[in-house]
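Asks: See model-v3.cif below, with mmCIF, C-alpha atoms and all ligand atoms.
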```cif
data_query
loop_
_atom_site.label_atom_id
_atom_site.label_comp_id
_atom_site.auth_asym_id
_atom_site.auth_seq_id
_atom_site.Cartn_x
_atom_site.Cartn_y
_atom_site.Cartn_z
CA MET A 208 -23.65 -9.50 13.15
CA LYS A 209 -23.47 -12.64 15.24
CA ARG A 210 -25.76 -15.47 14.26
CA LYS A 211 -27.03 -18.28 16.39
CA MET A 212 -27.55 -21.68 14.94
CA LEU A 213 -31.26 -22.26 14.68
CA ALA A 214 -30.92 -25.74 16.08
CA ALA A 215 -30.70 -24.49 19.64
CA VAL A 216 -32.20 -27.16 21.81
CA LEU A 217 -34.05 -26.05 24.83
CA CYS A 218 -33.80 -28.87 27.28
CA ALA A 219 -35.12 -27.41 30.44
CA SER A 220 -37.57 -29.54 32.31
CA MET A 221 -41.16 -29.14 31.30
CA VAL A 222 -42.26 -28.84 34.87
CA ALA A 223 -44.91 -26.15 34.91
CA GLY A 224 -43.71 -22.78 36.08
CA MET A 225 -40.00 -23.47 35.56
CA VAL A 226 -38.00 -20.95 33.54
CA VAL A 227 -36.85 -22.51 30.29
CA VAL A 228 -33.11 -21.96 29.66
CA PRO A 229 -30.91 -23.14 26.79
CA SER A 230 -28.72 -26.09 27.70
CA VAL A 231 -24.92 -25.86 27.77
CA ALA A 232 -24.87 -27.96 24.57
CA ALA A 233 -27.07 -25.46 22.79
CA GLN A 234 -24.86 -22.55 23.83
CA ALA A 235 -21.80 -24.39 22.51
CA GLU A 236 -23.52 -24.61 19.12
CA GLU A 237 -23.62 -20.86 18.76
CA SER A 238 -22.10 -19.94 15.40
CA LYS A 239 -18.71 -18.27 15.45
CA GLY A 240 -19.66 -16.30 12.36
CA LEU A 241 -20.63 -16.53 8.71
CA ILE A 242 -17.71 -16.96 6.28
CA GLY A 243 -18.11 -16.44 2.53
CA VAL A 244 -16.01 -18.71 0.32
CA ALA A 245 -15.97 -17.73 -3.38
CA MET A 246 -14.39 -20.31 -5.69
CA PRO A 247 -13.84 -19.91 -9.46
CA THR A 248 -15.25 -23.07 -11.00
CA GLN A 249 -16.31 -26.65 -10.42
CA ASP A 250 -14.87 -27.70 -13.79
CA LEU A 251 -11.44 -28.39 -12.36
CA GLN A 252 -11.10 -30.99 -9.67
CA ARG A 253 -8.86 -28.95 -7.40
CA TRP A 254 -11.38 -26.16 -6.71
CA ASN A 255 -14.00 -28.71 -5.65
CA GLN A 256 -11.50 -30.09 -3.17
CA ASP A 257 -10.44 -26.64 -1.95
CA GLY A 258 -14.06 -25.61 -1.39
CA ALA A 259 -15.13 -28.86 0.25
CA ASN A 260 -12.09 -28.99 2.54
CA MET A 261 -12.55 -25.43 3.67
CA LYS A 262 -16.28 -25.81 4.28
CA ALA A 263 -15.76 -28.96 6.34
CA GLU A 264 -12.96 -27.47 8.42
CA LEU A 265 -14.68 -24.15 9.01
CA GLU A 266 -17.88 -25.90 10.06
CA ALA A 267 -15.93 -28.18 12.39
CA LYS A 268 -14.63 -25.05 14.08
CA GLY A 269 -18.15 -23.68 14.51
CA TYR A 270 -18.47 -21.30 11.54
CA GLU A 271 -21.31 -21.14 9.06
CA VAL A 272 -20.11 -21.24 5.48
CA ASP A 273 -21.53 -19.64 2.35
CA LEU A 274 -19.66 -21.54 -0.42
CA GLN A 275 -20.19 -20.36 -4.02
CA TYR A 276 -18.75 -21.44 -7.38
CA ALA A 277 -18.89 -18.99 -10.29
CA GLY A 278 -18.54 -21.24 -13.37
CA ASN A 279 -15.42 -19.29 -14.41
CA ASP A 280 -17.65 -16.27 -15.12
CA VAL A 281 -16.32 -13.01 -13.70
CA ALA A 282 -19.73 -11.26 -13.55
CA THR A 283 -21.17 -14.22 -11.63
CA GLN A 284 -18.33 -14.09 -9.13
CA VAL A 285 -18.80 -10.34 -8.63
CA SER A 286 -22.51 -10.79 -7.93
CA GLN A 287 -21.87 -13.71 -5.58
CA ILE A 288 -19.50 -11.50 -3.58
CA GLN A 289 -22.05 -8.67 -3.58
CA ASN A 290 -24.61 -11.08 -2.13
CA MET A 291 -22.15 -12.25 0.50
CA ILE A 292 -21.63 -8.66 1.62
CA ALA A 293 -25.39 -7.99 1.62
CA ASN A 294 -26.04 -11.20 3.59
CA GLY A 295 -23.74 -10.13 6.39
CA ASP A 296 -20.84 -12.52 5.74
CA GLN A 297 -18.16 -11.49 8.19
CA LEU A 298 -15.05 -12.54 6.30
CA LEU A 299 -14.49 -13.43 2.65
CA VAL A 300 -12.13 -16.07 1.26
CA ILE A 301 -11.85 -15.58 -2.51
CA ALA A 302 -10.11 -17.52 -5.27
CA SER A 303 -10.57 -15.05 -8.11
CA ILE A 304 -11.26 -15.87 -11.74
CA GLU A 305 -9.54 -12.75 -13.00
CA GLY A 306 -7.20 -11.04 -10.58
CA ASP A 307 -8.02 -7.54 -11.77
CA SER A 308 -11.82 -7.60 -11.80
CA LEU A 309 -12.81 -7.46 -8.14
CA GLY A 310 -11.68 -3.96 -7.18
CA THR A 311 -15.12 -2.35 -7.19
CA VAL A 312 -16.95 -5.06 -5.28
CA LEU A 313 -14.13 -5.38 -2.75
CA ALA A 314 -14.26 -1.63 -2.11
CA GLU A 315 -17.78 -2.38 -0.81
CA ALA A 316 -16.39 -5.14 1.41
CA LYS A 317 -13.79 -2.79 2.80
CA GLU A 318 -16.42 -0.13 3.41
CA ALA A 319 -18.42 -2.72 5.37
CA GLY A 320 -15.32 -3.65 7.40
CA ILE A 321 -15.17 -7.21 6.01
CA PRO A 322 -11.65 -8.72 5.89
CA VAL A 323 -10.67 -10.52 2.68
CA ILE A 324 -8.28 -13.45 2.28
CA SER A 325 -7.09 -13.92 -1.29
CA TYR A 326 -7.05 -17.69 -1.81
CA ASP A 327 -4.42 -19.32 -4.05
CA ARG A 328 -4.59 -16.49 -6.64
CA LEU A 329 -3.68 -12.94 -5.70
CA ILE A 330 -6.45 -10.36 -6.19
CA MET A 331 -4.81 -7.38 -7.86
CA ASN A 332 -5.03 -3.61 -7.54
CA THR A 333 -7.29 -3.31 -4.51
CA ASP A 334 -6.33 -2.36 -0.98
CA ALA A 335 -9.25 -4.42 0.38
CA VAL A 336 -7.16 -7.62 0.50
CA SER A 337 -5.97 -8.31 4.05
CA TYR A 338 -4.02 -11.54 3.51
CA TYR A 339 -2.95 -13.96 0.81
CA ALA A 340 -2.72 -17.75 1.28
CA THR A 341 -1.21 -19.86 -1.46
CA PHE A 342 1.49 -22.31 -2.41
CA ASP A 343 4.89 -20.92 -3.32
CA ASN A 344 3.96 -20.23 -6.94
CA TYR A 345 7.44 -19.17 -8.02
CA LEU A 346 8.79 -22.44 -6.59
CA VAL A 347 6.14 -24.35 -8.58
CA GLY A 348 7.53 -22.86 -11.80
CA LYS A 349 11.15 -23.37 -10.76
CA THR A 350 10.43 -26.99 -9.84
CA GLN A 351 8.96 -27.63 -13.30
CA GLY A 352 11.88 -25.91 -15.05
CA GLN A 353 14.50 -27.72 -12.95
CA PHE A 354 12.74 -31.04 -13.59
CA LEU A 355 13.26 -30.53 -17.34
CA VAL A 356 16.88 -29.47 -16.85
CA ASP A 357 17.57 -32.65 -14.89
CA ALA A 358 15.55 -34.99 -17.10
CA LEU A 359 17.29 -33.75 -20.27
CA ASP A 360 20.61 -33.55 -18.40
CA LEU A 361 21.10 -30.08 -19.86
CA GLU A 362 24.25 -29.49 -17.87
CA ASN A 363 26.07 -32.36 -19.61
CA ALA A 364 24.23 -33.35 -22.77
CA ASP A 365 25.11 -31.61 -26.04
CA GLY A 366 21.59 -31.05 -27.32
CA PRO A 367 20.07 -29.14 -28.85
CA PHE A 368 16.68 -30.25 -27.52
CA ASN A 369 13.32 -29.08 -28.82
CA ILE A 370 10.90 -27.62 -26.30
CA GLU A 371 7.43 -26.02 -26.41
CA PHE A 372 5.68 -23.96 -23.72
CA VAL A 373 2.10 -23.90 -22.45
CA THR A 374 0.90 -21.78 -19.57
CA GLY A 375 -2.46 -20.70 -18.17
CA ASP A 376 -4.93 -17.84 -18.10
CA PRO A 377 -3.26 -14.45 -18.56
CA GLY A 378 -5.66 -12.90 -16.02
CA ASP A 379 -4.43 -15.27 -13.31
CA ASN A 380 -1.55 -13.61 -11.46
CA ASN A 381 -0.14 -17.06 -10.64
CA VAL A 382 0.83 -17.44 -14.28
CA ASN A 383 3.48 -14.75 -13.83
CA PHE A 384 5.06 -16.84 -11.09
CA PHE A 385 4.60 -20.28 -12.66
CA PHE A 386 5.86 -19.24 -16.09
CA GLY A 387 8.35 -16.73 -14.67
CA GLY A 388 9.85 -19.30 -12.28
CA ALA A 389 10.18 -21.90 -15.04
CA MET A 390 11.69 -19.41 -17.49
CA ASP A 391 14.20 -18.18 -14.92
CA VAL A 392 15.56 -21.74 -14.97
CA LEU A 393 15.16 -22.45 -18.70
CA GLN A 394 16.03 -19.11 -20.37
CA PRO A 395 19.83 -19.54 -20.04
CA TYR A 396 19.57 -22.80 -22.01
CA LEU A 397 17.44 -21.10 -24.69
CA ASP A 398 20.01 -18.31 -24.84
CA SER A 399 22.90 -20.75 -25.24
CA GLY A 400 21.03 -22.74 -27.92
CA LYS A 401 20.93 -25.98 -25.93
CA LEU A 402 17.15 -25.61 -25.88
CA VAL A 403 15.36 -24.62 -29.08
CA CYS A 404 11.69 -23.76 -29.47
CA PRO A 405 10.69 -24.67 -33.07
CA SER A 406 7.35 -22.80 -32.91
CA GLY A 407 9.14 -19.67 -31.70
CA GLN A 408 6.29 -19.15 -29.20
CA VAL A 409 8.04 -18.24 -25.97
CA THR A 410 6.37 -15.16 -24.49
CA LYS A 411 3.71 -15.40 -21.79
CA GLU A 412 1.12 -13.98 -24.19
CA GLU A 413 1.98 -16.46 -26.95
CA VAL A 414 1.84 -19.51 -24.70
CA ALA A 415 -1.19 -18.51 -22.56
CA THR A 416 -4.33 -20.68 -22.35
CA ALA A 417 -7.59 -18.82 -21.70
CA ASN A 418 -9.33 -20.21 -18.60
CA TRP A 419 -6.69 -22.94 -18.38
CA ALA A 420 -8.99 -24.95 -20.68
CA THR A 421 -7.80 -28.38 -21.84
CA GLU A 422 -9.51 -27.99 -25.24
CA THR A 423 -7.81 -24.63 -25.86
CA ALA A 424 -4.37 -26.02 -25.01
CA GLN A 425 -5.10 -29.04 -27.17
CA SER A 426 -6.06 -27.09 -30.28
CA ARG A 427 -3.09 -24.74 -29.95
CA PHE A 428 -0.83 -27.76 -29.62
CA GLU A 429 -2.41 -29.53 -32.61
CA ASN A 430 -1.50 -26.46 -34.67
CA ILE A 431 2.05 -26.49 -33.34
CA LEU A 432 2.45 -30.18 -34.15
CA SER A 433 1.12 -29.86 -37.68
CA SER A 434 3.13 -26.71 -38.43
CA PHE A 435 6.49 -27.57 -36.88
CA TYR A 436 6.71 -31.32 -36.23
CA ALA A 437 4.83 -32.98 -39.12
CA ASP A 438 8.14 -33.42 -40.98
CA GLY A 439 9.39 -35.82 -38.30
CA THR A 440 11.07 -33.19 -36.09
CA ASN A 441 11.40 -34.59 -32.59
CA LEU A 442 9.80 -32.87 -29.61
CA ASP A 443 11.87 -33.44 -26.47
CA ALA A 444 10.06 -31.49 -23.77
CA VAL A 445 6.93 -29.51 -22.99
CA LEU A 446 6.76 -27.05 -20.13
CA ALA A 447 3.07 -27.17 -19.21
CA SER A 448 2.18 -25.03 -16.19
CA ASN A 449 -0.61 -27.27 -14.89
CA ASP A 450 -2.42 -30.55 -15.42
CA SER A 451 -5.45 -29.27 -17.35
CA THR A 452 -3.17 -27.76 -20.00
CA ALA A 453 -0.78 -30.75 -19.91
CA LEU A 454 -3.77 -32.97 -20.66
CA GLY A 455 -4.52 -30.91 -23.77
CA VAL A 456 -0.92 -31.39 -24.92
CA GLU A 457 -1.10 -35.14 -24.22
CA ASN A 458 -4.37 -35.47 -26.16
CA ALA A 459 -2.86 -33.60 -29.13
CA LEU A 460 0.26 -35.79 -29.07
CA ALA A 461 -1.76 -39.00 -28.95
CA ALA A 462 -3.48 -38.19 -32.25
CA ASN A 463 -0.85 -36.17 -34.10
CA TYR A 464 2.67 -37.23 -33.19
CA THR A 465 4.70 -40.38 -33.72
CA GLY A 466 8.20 -39.26 -32.70
CA GLU A 467 9.97 -40.01 -29.44
CA TYR A 468 7.64 -39.05 -26.61
CA PRO A 469 8.50 -35.75 -24.86
CA ILE A 470 9.00 -35.05 -21.16
CA ILE A 471 5.92 -33.13 -19.98
CA THR A 472 5.43 -31.22 -16.72
CA GLY A 473 2.17 -30.43 -14.90
CA GLN A 474 0.69 -29.25 -11.63
CA ASP A 475 -2.11 -30.34 -9.26
CA CYS A 476 -1.95 -34.14 -9.59
CA ASP A 477 -5.46 -34.10 -11.04
CA ILE A 478 -7.11 -37.51 -11.12
CA ALA A 479 -7.60 -37.06 -14.89
CA ASN A 480 -3.80 -36.91 -15.32
CA MET A 481 -2.81 -39.70 -12.96
CA PRO A 482 -3.14 -42.53 -15.53
CA ASN A 483 -0.76 -40.59 -17.79
CA ILE A 484 1.71 -40.10 -14.95
CA ILE A 485 1.54 -43.78 -14.12
CA ASN A 486 1.91 -44.94 -17.76
CA GLY A 487 4.69 -42.51 -18.70
CA LYS A 488 2.72 -40.00 -20.79
CA GLN A 489 3.35 -37.19 -18.28
CA ALA A 490 6.67 -37.14 -16.47
CA MET A 491 5.69 -35.13 -13.41
CA SER A 492 3.11 -33.00 -11.69
CA VAL A 493 3.61 -30.50 -8.89
CA PHE A 494 1.50 -31.62 -5.95
CA LYS A 495 -0.19 -28.91 -3.92
CA ASP A 496 -2.03 -30.62 -1.09
CA THR A 497 -5.29 -28.67 -0.96
CA ARG A 498 -5.86 -29.99 2.58
CA THR A 499 -2.79 -28.09 3.77
CA LEU A 500 -3.90 -24.83 2.17
CA ALA A 501 -7.46 -25.16 3.45
CA SER A 502 -6.23 -25.84 7.02
CA LYS A 503 -3.92 -22.84 6.90
CA VAL A 504 -6.74 -20.60 5.70
CA VAL A 505 -9.01 -21.86 8.45
CA GLU A 506 -6.27 -20.98 10.97
CA MET A 507 -6.08 -17.50 9.42
CA VAL A 508 -9.86 -17.07 9.55
CA ASP A 509 -9.93 -18.14 13.19
CA ALA A 510 -7.19 -15.66 14.12
CA ILE A 511 -8.83 -12.76 12.29
CA MET A 512 -12.29 -13.54 13.68
CA ALA A 513 -10.81 -13.57 17.19
CA GLY A 514 -9.54 -10.04 16.53
CA GLY A 515 -5.90 -11.04 16.05
CA GLU A 516 -3.38 -11.22 13.24
CA ALA A 517 -3.27 -14.15 10.83
CA PRO A 518 -0.11 -16.30 10.65
CA VAL A 519 2.10 -15.39 7.65
CA ASN A 520 5.54 -16.49 6.44
CA ASP A 521 6.18 -14.07 3.57
CA THR A 522 5.94 -10.29 3.65
CA GLU A 523 7.98 -9.50 0.55
CA THR A 524 6.93 -11.36 -2.54
CA TYR A 525 3.31 -10.62 -3.39
CA ASP A 526 2.64 -6.98 -4.24
CA ASN A 527 -0.88 -6.64 -5.64
CA GLY A 528 -0.32 -3.14 -6.98
CA THR A 529 -1.34 -1.43 -3.73
CA GLY A 530 1.55 -2.81 -1.68
CA VAL A 531 2.81 -6.15 -0.45
CA ILE A 532 0.08 -8.43 0.88
CA PRO A 533 1.16 -10.46 3.94
CA SER A 534 1.14 -14.05 2.74
CA TYR A 535 1.32 -17.62 3.89
CA LEU A 536 3.07 -19.83 1.33
CA CYS A 537 2.65 -23.60 1.54
CA GLU A 538 5.26 -25.85 -0.01
CA PRO A 539 4.72 -27.62 -3.35
CA VAL A 540 6.42 -30.96 -4.13
CA ALA A 541 7.23 -32.78 -7.35
CA VAL A 542 5.36 -36.04 -7.93
CA THR A 543 6.43 -38.69 -10.45
CA VAL A 544 5.68 -42.33 -11.08
CA ASP A 545 8.29 -43.12 -8.43
CA ASN A 546 6.74 -41.33 -5.47
CA TYR A 547 3.04 -40.91 -6.29
CA LYS A 548 2.03 -43.82 -4.05
CA GLU A 549 3.76 -42.34 -1.04
CA MET A 550 2.67 -38.74 -1.72
CA LEU A 551 -0.89 -39.33 -2.86
CA VAL A 552 -2.09 -42.72 -1.66
CA ASP A 553 -0.26 -43.26 1.63
CA SER A 554 -1.09 -39.68 2.63
CA GLY A 555 -4.79 -40.44 2.09
CA TYR A 556 -5.21 -37.80 -0.63
CA TYR A 557 -6.48 -40.43 -3.11
CA THR A 558 -7.39 -44.08 -2.80
CA GLU A 559 -5.57 -46.53 -5.05
CA ASP A 560 -8.93 -47.22 -6.76
CA GLN A 561 -9.34 -43.59 -7.80
CA LEU A 562 -6.08 -43.76 -9.72
CA GLN A 563 -6.91 -46.80 -11.88
C1 LIG B 1 -3.86 -22.68 -9.62
C2 LIG B 1 -3.52 -24.02 -10.21
C3 LIG B 1 -4.60 -24.44 -11.19
C4 LIG B 1 -4.95 -23.33 -12.16
C5 LIG B 1 -6.17 -23.67 -12.99
C6 LIG B 1 -4.09 -21.68 -10.72
O1 LIG B 1 -4.35 -20.42 -10.23
O2 LIG B 1 -2.83 -22.24 -8.76
O3 LIG B 1 -3.39 -24.96 -9.19
O4 LIG B 1 -4.17 -25.55 -11.93
O5 LIG B 1 -5.20 -22.12 -11.49
O6 LIG B 1 -7.31 -23.79 -12.21
#
```
Turn the structure described in the file into structure tokens.

Replies:
Amino acid sequence: MKRKMLAAVLCASMVAGMVVVPSVAAQAEESKGLIGVAMPTQDLQRWNQDGANMKAELEAKGYEVDLQYAGNDVATQVSQIQNMIANGDQLLVIASIEGDSLGTVLAEAKEAGIPVISYDRLIMNTDAVSYYATFDNYLVGKTQGQFLVDALDLENADGPFNIEFVTGDPGDNNVNFFFGGAMDVLQPYLDSGKLVCPSGQVTKEEVATANWATETAQSRFENILSSFYADGTNLDAVLASNDSTALGVENALAANYTGEYPIITGQDCDIANMPNIINGKQAMSVFKDTRTLASKVVEMVDAIMAGGEAPVNDTETYDNGTGVIPSYLCEPVAVTVDNYKEMLVDSGYYTEDQLQ
């Protein structure tokens, strides 16, 4: 269903008897289509940026945008998508809350012939997903793991070093790549005994954080500190998969730990974490420029809406249980106190003021 913007301006002369025709300008304003954008939550900074960037870019290209946030509630997201289908949205871009919970509603989208782009997180076990756009999630995890290897100089130092692990929501398929990528780098050092995990919590299930919530990561970490470090045991490193969970760890450390401060990883370069990165309380964060991802998705939308194929650069890695989903992977980069100005301020992502 093609929609016309209601603001069509009829600028024909008002001379009596003349046929009134839309001006060229009004024709150019015709909408290129209605795009549904379903985002998980406004609680975390990044999703606000993803949504806002995509809306602005899609509108600049002449699309109408139906942008919805679901407050991290799966049922809300399902009903938002149902409404998008009922409203005649022509393409859906979805960052899921739980990868496995959209099969039924997306069967309706498929039935209605609506293409679906899985945004940032892969939607699992449905053949209704046409494309996947994300950052290289495995590389995010590997970058975090390698950062710890280098910072602790694990190749040369004797150790052993104490490490704890914190990852995200078990229903988010990205966790398999973030945690898996990091563990592929770190496991050999755990096996050789150079890295030791005093809590013994090393499986994905044990180190998961429901909804990626800062408070949940914080209370789990408070327990770890009181059970395994209260006797003065030193904590050398924390593999935290993202910034919201890293912040929980940092809050727990501030109130419950007096040993030598550990090296902590993160992801997203959230504004909330930047003071800690600048003052040494978080060693790094993996920067995923949401502008890059949004632009790529807009390119994909444009190609699909024109009846063509979307650009992809990976057709092997992301199997959602129904087969490999053609993907576009953007590149993540490590940010530290040494390069944050160049990466975040000079690039216009943040202003210096926002980081104070
Ligand atoms: C995203 C991360 C984000 C996390 C929590 C993941 O799926 O890839 O960038 O930190 O969700 O929102």

Asks: Identify, counting only C-alpha atoms and all ligand atoms, the protein, DNA and RNA residues located within 9 Å of ligand LIG 1 (chain B), and give them as a PyMOL selection string.

Replies: chain A and resi 247-248+250-254+302-304+327-329+341-342+344+375-376+379-382+385+418-420+448-452+473-475+477+493-495

Asks: Smallest atom-to-atom distance to Ala293 (chain A): which of A:Gly387, A:Pro322, A:Gly306, A:Gly243, using only C-alpha atoms?

Replies: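 Smallest separation from Ala293 (chain A) among the options: A:Gly243.
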
Asks: State, in Å with one decimal place, the distance from CA of Met550 (chain A) to CA of Ala263 (chain A).

Replies: 22.4 Å

Asks: May I ask which of the residues A:Asp296, A:Asp438, A:Asp509, A:Asp357 is the closest one to Glu264 (chain A), counting only C-alpha atoms?

Replies: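 The shortest atom-to-atom distance to Glu264 (chain A) comes from A:Asp509.
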
Asks: Have a look at A:Gln563, A:Thr465, A:Asn369, A:Ser554 and name the one nearest to Asn483 (chain A); count only C-alpha atoms.

Replies: A:Gln563

Asks: So, counting all atoms listed in the file, which residue among A:Gln408, A:Asn458, A:Gln489, A:Asn520 is closest to Lys503 (chain A)?

Replies: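 Closest candidate: A:Asn520.
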
Asks: Please return as a list of chain:residue names every residue within 7 Å of (5.6, -41.6, -13.5), taking into account only C-alpha atoms and the file's own coordinates.

Replies: A:Ile484, A:Ile485, A:Asn486, A:Gly487, A:Gln489, A:Ala490, A:Met491, A:Thr543, A:Val544, A:Asp545

Asks: CA of Thr499 (chain A) to CA of Gly378 (chain A): how many Å, to one decimal?

Replies: 25.1 Å

Asks: To one decimal place, how far is CA of Val272 (chain A) from CA of Gly528 (chain A) in Å?

Replies: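 About the pair CA of Val272 (chain A) and CA of Gly528 (chain A): they are 29.6 Å apart.
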